[in-house]
Each structure stands twice: as structure tokens, then as C-alpha cells.
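Here the structure comes first, spelled out in C-alpha cells, and everything after it is commentary.
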Amino acid sequence: MTCTVHDLYKYKVAWLRVDTQTILTIETLVITKSERIAITHTEQRIWQLRIKDIRESDKGWYMCQINTDPMKSQMGYLNVVVPPDILDHPTSQDMVVLEDSNVTLTCAATGVPEPTVTWKREGEKSVTSVENSGITSHDGAMLHIYHIQRHNAGSYHCIASNGVPPTVSKRIIVTVNFQPIIRLPTRQYYAELGGRVVLECHSEAQPNSINYWMKGKGEIILQGGTYDSALEDHVFKVAMKIVIRLEKASDFGVYKCVAKNSLGTTEESVKIYRKTSKTKQVENQVIQQSSYLGSTTFIKNYTDNKINEILLTASAASSS
């Protein structure tokens, strides 16, 4: 801080801290015990009060005073700005929550002026429980996510800024636990005795699931098959395939894809139907009939919906 004095003559210049009524310097003598305070002057005309290692507590009013009668003085205000900082507490830490619960993320930031806090996700994803809401950021110290879903899992960034560089951020990883879900590309397979079928099953779970195939009501298939597991967007995804060799009549029937974790067990069934000569005759009949049907769309619908019904009837007839 600078104080310019003309024609000082025999008078003395002093610096004071106004709010505490503390004398800091008189002429070239430092009165305060603080080692951060120093005084310099140029030809007794330009007097500068120097404060090193500036702190937020240094902000306030300062006075340059001359001991004339009456006293002459000049005041100036020192404003101290502080870059933003994010406190470890009570800022949220990485967390694991149950799907459909309500979650609040908190970001405690300090700085002068007071920082603004913005929440964002990696990949510009939605910060609400609605997956494609288009809301990719949120302003405020707290982010509320109501009825959190598995697609809300991932990294959340709390960003604090106040115009004083640098801007700071903290990453919080939210893991959403849920019972396994299973998706099947198809539920019905048709093959001849002596042939083979590749069964396929896809599951998602958090935490990771145990996956296996079962035959009928409870026989676990221990041998064969492929198992590919990947962690995508903080969700464990498993793709299972198994080759069933249809060497005997009992190899046909119901197979179950099972996924199990600490939150529950999910299973879905597929069925392998046996093709017979009678089944082939019915298939040929359907193909011949389709040439007399109208549009291609109608033929496709007939093939998708009606053929399965005819094949099921033929399969039941051949087994009886």
C-alpha cells in the first residue's frame, strides 16, 4: 500500500491498522511484532507498507497518518481474495447405494469471494435419475438424486470456482447395487436329434453375479460353454454361451440361465424343441402356403407367429 506525502518537513508518517487500532510503523521503524510487515520510502515522499505472505485475516482498513495539528490521514481498504478449495469434510466420499434409494451428494467449498459449485458427470451424462433428461449440470452445494437407477452409477465431479484461479474439482464415484437382470436373444430353439444348439444369455448385476446354466428343474451344467465378463459404466455385464449336443431325447427340453448376487437370484428359461420328419412336412406346407399370401409383411408376420405355433403342435404330436 502506498502513501504519497508532499512537504513532510519535520513531521512523521505512521501506518495503522484501523479495525484493531494497531500502530504498525512510525517512519522507518516497524512497531508491530509481525515479521511479515515492512516499510519503505523514496526521498521521504512515497511511503509503502509492505505485507508478505498475505493472509485472509489481513483484509481491512489501513491508515497512513501524519502527526500534524490537526492530524492528516488517508485510508485504504485491503481486500484479500482466496482461490477456491474443497474441504474433505463434509464433502461426500465415494459411496455404494441401493437402486431406487434417494441420494444426496454434498460439496463443501471455501474461498473469497464465496465459490459457486457446479456438478457434472463424465461423458456429459444426465445428473438426474432420468437417463435422457438433457440436464447435464447442476448448480449448488448439494445434488439430490431421487430414486437412483443403475444408469446413474459413475463419476460425479464437484467443481468450485470464484474467479480466482485455479478452479478446483473433486470426483465422487457412486456405485448402484441391484439384483441381476437377464436378457435372452431368443427363448425357443429347434433342432434335430444328433444336432446341436448354441444357447445364449446376457446378464447385468452389481455387485458381480455368479452365472450358470441349469437343465430342467435343478441340474447344474458344470462343463463346457463360454463366459465373458466386463465392467461397463460400473455395472458387471456377463454374456454366456453354451453348446448343447442333442445326442438323446432327454437333451431336449427346458434350460435355465441363472444369475445370482447378494441381492437376489434371477433366472430365465429357454426351450429346445425337437424337429421330426412330421415337423419338416409342416414347415414345407407353410412355405408353400406363403407363396399364395399377399404382401411380404404379412408373410413375415405369418412366419414369425404362426410357424412357431405349427411347429409346437407338430412336436407335441410326434412325442406322443
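Ligands are numbered from 1 in the order shown, chains are lettered A, B, ... in the order of the C-alpha cells, and residues start at 1 in each chain.
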With only C-alpha atoms as the counted atoms, please give the residues lying no more than 12 Å from Ala141 (chain A), apart from itself and same-chain residues fewer than 5 positions off, as a PyMOL selection string.
chain A and resi 86-87+90-92+104-110+114-119+157-160
Could you give me, as a PyMOL selection string, each residue of region 70-267 of chain A that DSSP assigns to strand (DSSP E) when run on this structure's backbone?
chain A and resi 72-78+82-86+95-98+103-106+109-112+116-121+137-139+142-145+154-161+168-183+188-191+196-206+210-215+219-221+226-232+235-245+253-261+264-267
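In this model, the gap between CA of Ile46 (chain A) and CA of Asp69 (chain A) comes to 21.1 Å.
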Ranking A:Leu29, A:Val164, A:Leu8, A:Asn152 by minimum distance to Val81 (chain A) and counting only C-alpha atoms, which one comes first?
A:Val164
Per DSSP on the backbone, what are the helix (DSSP H, G or I) residues of region 55-291 of chain A, as number ranges by chain?
A: 56-58, 122-124, 150-152, 249-251, 277-290
Identify, on the basis of only C-alpha atoms, every residue whose closest approach to Thr40 (chain A) does not exceed 8 Å; exclude the query and any residue fewer than 3 positions from it along the same chain; express the result as a ChimeraX atom specification.
/A:28,47-50
Residue neighbourhood region 253-264 of chain A, 6 Å, only C-alpha atoms, exclusion window fewer than 5 positions, as a PyMOL selection string
chain A and resi 179+209-216+269-272
Please indicate the distance in Å from CA of Ile39 (chain A) to CA of Glu27 (chain A), rounded to one decimal place.
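That distance, rounded to one decimal, is 8.1 Å.
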